[in-house]
Protein chains: 2
Amino acid sequence: MKESKGNIIIQVAEIDNVGVVANSSGLQEGSIIRNNFRVLQRIPMGHKIALQNIGVGEKIIRYGQTIGYAKGTIPVGGWVNETNIILPDPPDLESIPFPESDKPETMPLEGYTFWGYRNKDGSVGTKNMLGIVTSVQCVAGFTQFIVNRIKKDLLPKFPNVDDVVALNHTYGCGVAINAPAAIIPIKTIQNLATNPNFGDEILVVGLGCEKLRPESLLLQKEGDSEITNIMYMQDESLSGFESLVGQVMKMAETRLEKLNLRKREECPASELVVGMQCGGSDAFSGITANPVVGFATDLIVRAGGSVLFSEVTEVRDAVHLLVPRTINPEVGKALIAEMKWYDDYLARGDADRSANPTPGNKRGGLSNIVEKALGSIVKSGTSPIVDVLKPGEKIRTKGLTFAATPASDFVCGTLQLASGMNMHVFTTGRGTPYGLSMVPVIKVGSNSTLSKRWFDLIDLDAGQIASGEKTIEEMGWELFHLILEVASGTKKVACDKLGLHNDLVLFNPGPVT
Amino acid sequence: MKESKGNIIIQVAEIDNVGVVANSSGLQEGSIIRNNFRVLQRIPMGHKIALQNIGVGEKIIRYGQTIGYAKGTIPVGGWVNETNIILPDPPDLESIPFPESDKPETMPLEGYTFWGYRNKDGSVGTKNMLGIVTSVQCVAGFTQFIVNRIKKDLLPKFPNVDDVVALNHTYGCGVAINAPAAIIPIKTIQNLATNPNFGDEILVVGLGCEKLRPESLLLQKEGDSEITNIMYMQDESLSGFESLVGQVMKMAETRLEKLNLRKREECPASELVVGMQCGGSDAFSGITANPVVGFATDLIVRAGGSVLFSEVTEVRDAVHLLVPRTINPEVGKALIAEMKWYDDYLARGDADRSANPTPGNKRGGLSNIVEKALGSIVKSGTSPIVDVLKPGEKIRTKGLTFAATPASDFVCGTLQLASGMNMHVFTTGRGTPYGLSMVPVIKVGSNSTLSKRWFDLIDLDAGQIASGEKTIEEMGWELFHLILEVASGTKKVACDKLGLHNDLVLFNPGPVT
């Protein structure tokens, strides 16, 4: 048999018995592969082809890992997809061995810097924004009104301030504030308010009668004689709408004056806190965009910086590969505890981790959550995992941290913001206009078809790896440099240029009342 | 003893052993009440005073109902509040008797009309809006961009269209779409899209890969040859941001042309679908604003119209008073089933109905959920309850319907919108800037202190009842006439004048992934 031309099939590990179709038009029926076998039916781009005959119940192997078992016999050259794969059980959380020895030191990477806004607490901002946080959704219409008024009347007077944003959310009242799970949304709102991009000049707008107390959103600072940054709409000294507006405009102006004095200074790359995420993934995500992110993760960690990776349901089926990378059994146990918490949470709602993949994932060639997870964790590179955060907790350590979050794009992004990220990298195969106003979001396309079609919505085309134009290493460095440029404000990301920003979406596993 | 001057104490039922302090400065220690007893300590406005000696464990009675039991001895003239009341058990759902006979016919009220936009399906709008519904939060930044562009470039060309609004929400992907509870958010989004104020010209913006399918948001209409009102951002024929924008702008213009032809016509009051809600309540809510709403509810029902009342946790403790008002045992059982569902839902999150009252409620004199519930259900007037809706279901019957929703203001409002309300009435004692862009929200203040302080945020001051200036009947008619005027577009409500509108907030009892 003679190999048909132009077909690219990506096989990650030698033992894999499936490969991913990389050519944009897919594989044609009858094409000859590896001078050896025929394609039995048309197989779309991103989907899997059997590289060997796979018998009923036999393992289907990708990334060197079992992603499932064959439902029937799958002949070589056949299409392997969600209809003929049986989902395996997830790794047993009780039997994963903990690491025994310290991890090897990574080679330090020195001399890389960016221009950021250094805060009093040592954190570094990548934007200079006035944040207005709310204690309750009731006031969301008012804070949006205020943001518009500030943009019109005040912001032009303070050229060093990038923007003003309302941190509106759907929490704060009408919720069981003492339920055990309430700690998650509360901690999230508290930590959002201290994101480094707000320069410690946050303004709080509360109502007055709500359950989530506005004063609980402020960190008690030493030497604070009085709280001057909370406005209560029910304040009895304020009569009529314009007096409410006037009060908060006055408070905003004071803060804008201070923010306007902030100046970018050269900071080592170790001050980066980068949140890594993927969404609208396809089968390329795990072999192009996510490995690029993984390479950049290792560079940032080597430079002394911090990286957050997340998405519990996309880590659950690969957790046996991550626990051995934790720096000690405590961190390993914390990682397993987060998996366990989420298993229980899903079970309470009569769901499990198989609820994760989307119709788009499947159309993009991701057959099930195991395959999706194996591709997702690639974002974490090879660095040791130094810490595990519960949802919404603040980052504590430099290096690679697992920040437990749902995999939902907007929920994960909101929680990573709360954890203190000052830069966000987001990979996508199907395409999403996802963006956040609080930190820059670099969007990496997993395939060139998308990256070309959405030329002004995607910042970096990792599809060039599948076509062989570039290597993972080359693009990993490219992403690392792009992160430094964006963090310095010298390059603007697509979603900021276009003004596409999602809402903050809290994770509230507790009941509403 | 000689009565001190200027003190007003409101006692609702003859058997009540507590009264509510109505004077704005509260009661002074030592004041003489009813020529009979002394006030033992300062008692703030809205709070309760013991009208008799109440022994340990004895009933505390307000509205003729037991709101709790005395924790210690409460002497006559003492302050009765959350610290000295023991919360009673809720009514036993198994032992409430169902009504046996048909309800008496109510006296019809004829000749009242308003000017509304009649739709093909028979429903009537009170606004003429272009609605853009989304299948997933991912596209929220894009739809907000589009709304701004339409307002700038298209809306001025269509003077009969009031506004354009994005029905953004936090659902659609990253959720367990097949979990049993997912039906609630899905049904809600579907029914929001058919609110009468959108004139059956809704536009759907989807992404493409999300779990909630954009096409599932459309009612199949007879004679539809093709679907022309869904835009998928991942549409492969669209390349680049401006082509995405251009596509949806074209679709919007077609719909604006049709909406622009809508004209208000005279409609009977029976076409009103009014959602009643209270939020930021105080002890006056149950004796001023809510009775006014209850009186108006009865007028609307007598005029053949529809009224929705809601808020399960504020009905739970008074459900024994509502079941006897249901028109038949089926409706009674449905009402009890919704209470049971919510009891279970709260228990799963380790909470119960006592989680409902807010710090503001308590400062306003509402000691516990029983007292709050007894004041809350007053909004339902005295009409028979003809139907019970699950959260987010569409209204089916004219008359008084219980639409089961959480009591959270913004969640309840969103669900009542989905149920099809074309007018919203909201009572408040503490004050909230709450508003919705989709339907007019009439805000009724429960006390004159608030209504005067927030003169341009409150539409109607029911505090005039506590001061004796007006009767419940007078103000009930006043509210009824105001509803007709606002529904006709001849009067604008405060939150629309100021542009204060809350976000849609879905009720999602299912897990996120």
# chains A, B, ... in the order shown; residues from 1 in each chain; ligands from 1
call {"tool": "residues_around", "arguments": {"residues": "range 288-305 of chain B", "least_positions_apart": "5", "cutoff": "6 Å", "atoms": "only C-alpha atoms", "output": "list in words"}}
result
Pro108, Leu109, Glu110, Ser270, Glu271, Leu272, Val378, Lys379, Ser380, Gly381, Ser383, Lys398, Gly399, Ser446, Ala462, Ile465, Ile472, Met475, Gly476 and Phe480 of chain B
call {"tool": "residues_around", "arguments": {"residues": "Val493 in chain B", "least_positions_apart": "5", "cutoff": "7 Å", "atoms": "only C-alpha atoms", "output": "PyMOL selection string"}}
result
chain B and resi 440-442+459
call {"tool": "write_last_selection", "arguments": {"atoms": "N, CA and C atoms", "output": "PDB file, in the first residue's frame"}}
result
ATOM      1  N   PRO B 440     -41.815  47.048  34.101  1.00  0.00           N
ATOM      2  CA  PRO B 440     -41.777  48.128  35.095  1.00  0.00           C
ATOM      3  C   PRO B 440     -41.926  47.553  36.511  1.00  0.00           C
ATOM      4  N   VAL B 441     -41.168  48.116  37.446  1.00  0.00           N
ATOM      5  CA  VAL B 441     -41.240  47.698  38.849  1.00  0.00           C
ATOM      6  C   VAL B 441     -41.736  48.878  39.675  1.00  0.00           C
ATOM      7  N   ILE B 442     -42.942  48.729  40.241  1.00  0.00           N
ATOM      8  CA  ILE B 442     -43.477  49.779  41.119  1.00  0.00           C
ATOM      9  C   ILE B 442     -42.995  49.494  42.533  1.00  0.00           C
ATOM     10  N   ASP B 459     -41.989  54.640  44.670  1.00  0.00           N
ATOM     11  CA  ASP B 459     -43.099  55.151  43.851  1.00  0.00           C
ATOM     12  C   ASP B 459     -44.357  55.446  44.659  1.00  0.00           C
TER      13      ASP B 459
END
call {"tool": "select_by_dssp", "arguments": {"residues": "range 337-449 of chain A", "states": "strand (DSSP E or B)", "output": "list of chain:residue names"}}
result
A:Ile385, A:Val386, A:Asp387, A:Val388, A:Leu389, A:Gly399, A:Leu400, A:Thr401, A:Phe402, A:Ala403, A:Met423, A:His424, A:Val425, A:Phe426, A:Thr427, A:Thr428, A:Val441, A:Ile442, A:Lys443, A:Val444, A:Gly445
call {"tool": "write_last_selection", "arguments": {"atoms": "N, CA and C atoms", "output": "short mmCIF file (atom, residue, chain, number, x, y, z; two decimals), in the first residue's frame"}}
result
data_model
loop_
_atom_site.label_atom_id
_atom_site.label_comp_id
_atom_site.auth_asym_id
_atom_site.auth_seq_id
_atom_site.Cartn_x
_atom_site.Cartn_y
_atom_site.Cartn_z
N ILE A 385 4.12 20.44 42.28
CA ILE A 385 2.92 21.14 42.79
C ILE A 385 3.19 21.49 44.24
N VAL A 386 3.28 22.80 44.53
CA VAL A 386 3.73 23.22 45.86
C VAL A 386 2.60 23.49 46.84
N ASP A 387 1.38 23.69 46.31
CA ASP A 387 0.28 24.04 47.22
C ASP A 387 -1.05 23.72 46.55
N VAL A 388 -2.08 23.57 47.38
CA VAL A 388 -3.45 23.34 46.91
C VAL A 388 -4.35 24.34 47.62
N LEU A 389 -5.14 25.08 46.85
CA LEU A 389 -6.07 26.05 47.44
C LEU A 389 -7.49 25.53 47.33
N GLY A 399 5.49 29.36 42.78
CA GLY A 399 5.57 28.03 42.18
C GLY A 399 4.22 27.62 41.61
N LEU A 400 4.04 26.34 41.38
CA LEU A 400 2.81 25.82 40.77
C LEU A 400 1.80 25.40 41.83
N THR A 401 0.65 26.05 41.82
CA THR A 401 -0.41 25.77 42.80
C THR A 401 -1.62 25.19 42.09
N PHE A 402 -2.22 24.15 42.68
CA PHE A 402 -3.53 23.72 42.20
C PHE A 402 -4.59 24.49 42.97
N ALA A 403 -5.33 25.34 42.25
CA ALA A 403 -6.42 26.10 42.86
C ALA A 403 -7.70 25.37 42.48
N MET A 423 -2.55 37.82 35.73
CA MET A 423 -2.47 37.52 34.30
C MET A 423 -3.20 36.21 34.06
N HIS A 424 -3.88 36.11 32.91
CA HIS A 424 -4.72 34.95 32.65
C HIS A 424 -4.39 34.43 31.26
N VAL A 425 -4.22 33.11 31.14
CA VAL A 425 -4.00 32.48 29.83
C VAL A 425 -5.11 31.47 29.63
N PHE A 426 -5.74 31.51 28.46
CA PHE A 426 -6.93 30.70 28.22
C PHE A 426 -6.79 30.03 26.86
N THR A 427 -6.83 28.70 26.83
CA THR A 427 -6.72 27.99 25.55
C THR A 427 -8.10 27.53 25.10
N THR A 428 -8.30 27.54 23.79
CA THR A 428 -9.60 27.10 23.26
C THR A 428 -9.46 26.49 21.87
N VAL A 441 -6.50 38.74 29.53
CA VAL A 441 -6.69 37.32 29.20
C VAL A 441 -6.05 37.06 27.83
N ILE A 442 -4.98 36.27 27.82
CA ILE A 442 -4.35 35.89 26.55
C ILE A 442 -5.05 34.64 26.04
N LYS A 443 -5.57 34.70 24.82
CA LYS A 443 -6.30 33.55 24.29
C LYS A 443 -5.44 32.81 23.27
N VAL A 444 -5.27 31.51 23.53
CA VAL A 444 -4.44 30.66 22.68
C VAL A 444 -5.35 29.69 21.93
N GLY A 445 -5.29 29.70 20.62
CA GLY A 445 -6.09 28.77 19.81
C GLY A 445 -5.36 27.44 19.66
#
call {"tool": "select_by_dssp", "arguments": {"residues": "range 71-242 of chain B", "states": "alpha helix (DSSP H)", "output": "list of chain:residue names"}}
result
B:Ala140, B:Gly141, B:Phe142, B:Thr143, B:Gln144, B:Phe145, B:Ile146, B:Val147, B:Asn148, B:Arg149, B:Ile150, B:Lys151, B:Lys152, B:Asp153, B:Ile183, B:Ile184, B:Pro185, B:Ile186, B:Lys187, B:Thr188, B:Ile189, B:Gln190, B:Asn191, B:Leu192, B:Phe241, B:Glu242
call {"tool": "write_last_selection", "arguments": {"atoms": "N, CA and C atoms", "output": "compact mmCIF listing (two decimals), in the first residue's frame"}}
result
# COMPACT_ATOMS: atom_id res chain seq x y z
N ALA B 140 -21.69 36.53 26.99
CA ALA B 140 -22.26 37.71 27.65
C ALA B 140 -21.54 39.00 27.29
N GLY B 141 -20.21 38.94 27.16
CA GLY B 141 -19.47 40.14 26.78
C GLY B 141 -19.84 40.59 25.38
N PHE B 142 -20.06 39.62 24.50
CA PHE B 142 -20.43 39.92 23.11
C PHE B 142 -21.84 40.53 23.04
N THR B 143 -22.80 39.93 23.75
CA THR B 143 -24.16 40.46 23.67
C THR B 143 -24.24 41.86 24.28
N GLN B 144 -23.44 42.11 25.33
CA GLN B 144 -23.44 43.45 25.90
C GLN B 144 -22.86 44.45 24.89
N PHE B 145 -21.83 44.03 24.19
CA PHE B 145 -21.25 44.86 23.13
C PHE B 145 -22.32 45.17 22.07
N ILE B 146 -23.04 44.12 21.67
CA ILE B 146 -24.08 44.27 20.64
C ILE B 146 -25.19 45.22 21.09
N VAL B 147 -25.61 45.06 22.36
CA VAL B 147 -26.66 45.94 22.88
C VAL B 147 -26.21 47.40 22.79
N ASN B 148 -24.97 47.66 23.18
CA ASN B 148 -24.46 49.04 23.11
C ASN B 148 -24.45 49.53 21.66
N ARG B 149 -24.01 48.68 20.74
CA ARG B 149 -23.94 49.06 19.32
C ARG B 149 -25.35 49.33 18.77
N ILE B 150 -26.31 48.47 19.14
CA ILE B 150 -27.69 48.65 18.65
C ILE B 150 -28.26 49.97 19.19
N LYS B 151 -28.01 50.24 20.48
CA LYS B 151 -28.53 51.48 21.07
C LYS B 151 -27.99 52.70 20.33
N LYS B 152 -26.74 52.60 19.91
CA LYS B 152 -26.10 53.73 19.25
C LYS B 152 -26.52 53.83 17.78
N ASP B 153 -26.48 52.71 17.08
CA ASP B 153 -26.62 52.76 15.62
C ASP B 153 -28.03 52.46 15.10
N ILE B 183 -33.62 21.23 35.23
CA ILE B 183 -34.87 21.66 34.58
C ILE B 183 -35.24 23.09 34.99
N ILE B 184 -34.89 23.46 36.21
CA ILE B 184 -35.31 24.80 36.69
C ILE B 184 -34.62 25.93 35.92
N PRO B 185 -33.28 25.99 35.89
CA PRO B 185 -32.68 27.09 35.10
C PRO B 185 -33.01 27.00 33.61
N ILE B 186 -33.11 25.79 33.07
CA ILE B 186 -33.38 25.67 31.63
C ILE B 186 -34.77 26.21 31.30
N LYS B 187 -35.76 25.75 32.05
CA LYS B 187 -37.14 26.23 31.86
C LYS B 187 -37.19 27.75 32.04
N THR B 188 -36.45 28.26 33.00
CA THR B 188 -36.46 29.70 33.26
C THR B 188 -35.96 30.48 32.05
N ILE B 189 -34.85 30.05 31.48
CA ILE B 189 -34.29 30.78 30.33
C ILE B 189 -35.25 30.69 29.13
N GLN B 190 -35.79 29.49 28.92
CA GLN B 190 -36.75 29.32 27.82
C GLN B 190 -37.94 30.27 27.99
N ASN B 191 -38.45 30.35 29.21
CA ASN B 191 -39.66 31.16 29.43
C ASN B 191 -39.36 32.65 29.50
N LEU B 192 -38.15 33.03 29.90
CA LEU B 192 -37.77 34.45 29.87
C LEU B 192 -37.87 34.97 28.44
N PHE B 241 -14.21 39.50 14.07
CA PHE B 241 -15.18 40.08 14.98
C PHE B 241 -16.25 40.90 14.27
N GLU B 242 -15.83 41.72 13.29
CA GLU B 242 -16.82 42.60 12.64
C GLU B 242 -17.86 41.80 11.85
call {"tool": "atom_distance", "arguments": {"atom1": "CA of Gln416 in chain B", "atom2": "CA of Glu393 in chain B"}}
result
8.8 Å
call {"tool": "closest_residue", "arguments": {"among": "A:Phe114, A:Phe284, A:Tyr69, A:Phe455", "to": "Ser376 in chain A", "atoms": "only C-alpha atoms"}}
result
A:Phe284
